[in-house]
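**Q** Pasting in a structure now, in structure tokens, and then I'll have a few things to ask.
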Amino acid sequence: MARPQFSEPIYPSQQSPSSTATASCGRSWDKPFEIRAPYKSTDKYSNMLPLVFVDREVASHHTEESLPIVMGTEFRGALNNAIIGAWEILENYDSDGYIDAANKEAISKLIKRAGKYVERANEIKKWWEDEYRPATTKPVYGWPLEDDRMPGCLGFSPSTGKRWMVNQEIEFPCPTDQDRENHDQDRAAYHNHLIAAMVNVRCAQEAAAAVGTYNRNKEFAGNIPGGMKLGQAKPKVKLTLASKAPTTGDIPEDEPPEDEPPEDELIVEDEPESKPAKKKKSNALLLVGAAGLGLLMMGRK
């Protein structure tokens, strides 16, 4: 089996859709994060997302410091729970009628992307553990990513190593310079895919919570005596996210339909399946809507 190689994972680049955001979408995974998405002056509902995982070394983004933690069961378990939690947030708001179809599809893509990145990381890890062999003539397999040097070749750039295999000590040629470079690259690739999975799934949580919270606030505003009734100012296109609506002032009665707001772009483009593949043009999924809320999630199917 050939060594698996993937393009660099993609991170959401736009600011989080919550009106409380100070960072790009998905970067709140190491702390509790309050989601607020007011509809005009109505800010009754909010959503508090719990932290997913916190560790200073992981937050530093230095591979050598954080790789042992990212490879650990605690981080992997937290990431898996975050993916489950993102689906639950999306499905709960959807079942209550607070998520429109276009936003549901866009948010689902982020969650699926996180799962895809976990699968890629697993492929990389498994290949080095089970498939890699430094010499085709010797029954010696495996150089785990957590090991900076191959077991049996622990000296300073030894040319040969020794390992006990099938009840005998086997001498074998140590990894080549190219093998060492590939191993270092895949240690970083494994790390980056899992961190990207975490950021993408947290962005999905933020987006689902923001859309659902916005629609709950909109529904509540429509039921305020003297307030604008739902359906009187329908969005021209699809409901979107990042709120730019005013947070103070009364909601005027019988307000006329609003102009379509400017687009607020969030780029989450799909990457090519392998490094040699050429990048294709984006097929954008456009979400533009009422009251200055804007999230444009772009990506190829």
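Ordering of the structure tokens sets the chain letters (A, B, ...); residue numbers start at 1 within each chain; ligands are numbered from 1 in the order shown.
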Can you tell me which residues surround Ile111 of chain A at a distance of at most 9 Å, considering only C-alpha atoms, apart from same-chain residues fewer than 5 positions away, and format the answer as a CSV table (one decimal) with N, CA and C atoms, in the first residue's frame?
**A**
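File produced: result.csv:
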chain,number,residue,atom,x,y,z
A,83,ILE,N,-17.9,16.4,17.5
A,83,ILE,CA,-18.6,16.0,16.3
A,83,ILE,C,-20.0,15.6,16.6
A,86,ALA,N,-22.0,18.6,17.6
A,86,ALA,CA,-22.4,19.5,16.5
A,86,ALA,C,-23.6,19.0,15.8
A,87,TRP,N,-23.7,17.7,15.6
A,87,TRP,CA,-24.9,17.1,14.9
A,87,TRP,C,-26.1,17.3,15.8
A,116,LYS,N,-14.0,13.8,8.0
A,116,LYS,CA,-13.1,13.4,6.9
A,116,LYS,C,-11.6,13.7,7.4
A,197,ALA,N,-9.7,19.5,12.1
A,197,ALA,CA,-11.0,18.9,12.4
A,197,ALA,C,-11.7,19.6,13.6
A,200,ASN,N,-13.0,23.1,12.5
A,200,ASN,CA,-14.1,23.0,11.6
A,200,ASN,C,-15.4,22.6,12.4
A,201,VAL,N,-15.3,21.6,13.3
A,201,VAL,CA,-16.5,21.2,14.0
A,201,VAL,C,-16.9,22.2,15.0
A,202,ARG,N,-16.0,23.0,15.6
A,202,ARG,CA,-16.4,24.0,16.5
A,202,ARG,C,-17.1,25.2,15.7
A,203,CYS,N,-16.6,25.5,14.5
A,203,CYS,CA,-17.2,26.5,13.7
A,203,CYS,C,-18.7,26.0,13.4
A,204,ALA,N,-18.9,24.7,13.1
A,204,ALA,CA,-20.2,24.2,12.8
A,204,ALA,C,-21.1,24.4,14.0
A,205,GLN,N,-20.6,24.1,15.2
A,205,GLN,CA,-21.3,24.4,16.5
A,205,GLN,C,-21.7,25.8,16.6
**Q** Write out as a list of chain:residue names the residues lying within 10 Å of Tyr117 of chain A, counting only C-alpha atoms and excluding same-chain residues fewer than 6 positions away.
**A**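 In the requested form, the answer reads A:Phe6, A:Pro9, A:Ile10, A:Glu123, A:Tyr190, A:Asn192, A:His193, A:Leu194, A:Ile195, A:Ala196, A:Ala197, A:Met198, A:Asn200.
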**Q** Could you check the closest approach to Pro144 of chain A for each of A:Val166, A:Met71, A:Ala23, A:Ala82 and tell me which residue wins, using only C-alpha atoms?
**A**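 Looking only at the distances to Pro144 of chain A, the closest residue turns out to be A:Met71.
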**Q** For the strand (DSSP E or B) assignment from backbone DSSP, which residues of segment 34-179 of chain A qualify? Please present them as an MDAnalysis selection string.
**A** chainID A and resid 34:36 39 42 46:49 160:165 168:173
**Q** Given the selection you just returned, output its residues as a file containing C-alpha atoms, formatted as a PDB file, in the first residue's frame.
**A**
ATOM      1  CA  GLU A  34     -21.604  32.359  24.523  1.00  0.00           C
ATOM      2  CA  ILE A  35     -23.440  32.537  21.198  1.00  0.00           C
ATOM      3  CA  ARG A  36     -25.628  35.598  20.736  1.00  0.00           C
ATOM      4  CA  TYR A  39     -32.819  39.975  15.787  1.00  0.00           C
ATOM      5  CA  THR A  42     -34.500  41.359  20.457  1.00  0.00           C
ATOM      6  CA  SER A  46     -28.500  32.888  23.632  1.00  0.00           C
ATOM      7  CA  ASN A  47     -26.584  29.620  23.613  1.00  0.00           C
ATOM      8  CA  MET A  48     -23.564  28.732  25.761  1.00  0.00           C
ATOM      9  CA  LEU A  49     -21.214  26.282  24.068  1.00  0.00           C
ATOM     10  CA  THR A 160      21.709  -0.330  10.832  1.00  0.00           C
ATOM     11  CA  GLY A 161      19.379  -1.163  13.665  1.00  0.00           C
ATOM     12  CA  LYS A 162      18.277  -4.209  15.624  1.00  0.00           C
ATOM     13  CA  ARG A 163      14.822  -5.257  16.708  1.00  0.00           C
ATOM     14  CA  TRP A 164      13.291  -8.377  18.201  1.00  0.00           C
ATOM     15  CA  MET A 165      10.746  -9.751  15.744  1.00  0.00           C
ATOM     16  CA  GLN A 168      14.590 -13.381  17.055  1.00  0.00           C
ATOM     17  CA  GLU A 169      16.780 -10.331  16.834  1.00  0.00           C
ATOM     18  CA  ILE A 170      16.826  -8.982  13.315  1.00  0.00           C
ATOM     19  CA  GLU A 171      19.363  -6.512  11.977  1.00  0.00           C
ATOM     20  CA  PHE A 172      17.995  -4.137   9.375  1.00  0.00           C
ATOM     21  CA  PRO A 173      18.957  -0.940   7.541  1.00  0.00           C
TER      22      PRO A 173
END
**Q** Show me, as a ChimeraX atom specification, the residues that have an atom within 10 Å of Lys126 of chain A when counting only C-alpha atoms, minus same-chain residues fewer than 3 positions from it.
**A** /A:4,120-123,129-132,142-145
**Q** Using C-alpha atoms, can you write the selected residues to a file as an mmCIF file, in the first residue's frame?
**A**
data_model
loop_
_atom_site.group_PDB
_atom_site.id
_atom_site.type_symbol
_atom_site.label_atom_id
_atom_site.label_comp_id
_atom_site.auth_asym_id
_atom_site.auth_seq_id
_atom_site.Cartn_x
_atom_site.Cartn_y
_atom_site.Cartn_z
ATOM 1 C CA PRO A 4 -1.208 8.176 1.894
ATOM 2 C CA ARG A 120 -7.296 11.067 7.005
ATOM 3 C CA ALA A 121 -5.314 11.373 10.218
ATOM 4 C CA ASN A 122 -6.139 7.755 11.037
ATOM 5 C CA GLU A 123 -4.937 6.644 7.590
ATOM 6 C CA GLU A 129 2.381 1.745 12.267
ATOM 7 C CA ASP A 130 1.450 -1.187 10.039
ATOM 8 C CA GLU A 131 2.714 -0.657 6.497
ATOM 9 C CA TYR A 132 6.056 1.118 6.653
ATOM 10 C CA GLY A 142 6.294 -0.042 11.798
ATOM 11 C CA TRP A 143 7.591 3.375 12.783
ATOM 12 C CA PRO A 144 4.867 4.983 14.935
ATOM 13 C CA LEU A 145 4.369 8.709 14.456
#
**Q** One decimal, Å: what's the distance from atom CA of Trp127 of chain A over to atom CA of Gln5 of chain A, could you say?
**A** 10.7 Å
**Q** Distance atom CA of Ala209 of chain A-atom CA of Val52 of chain A, one decimal place?
**A**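 Spanning atom CA of Ala209 of chain A to atom CA of Val52 of chain A is a straight-line distance of 15.2 Å.
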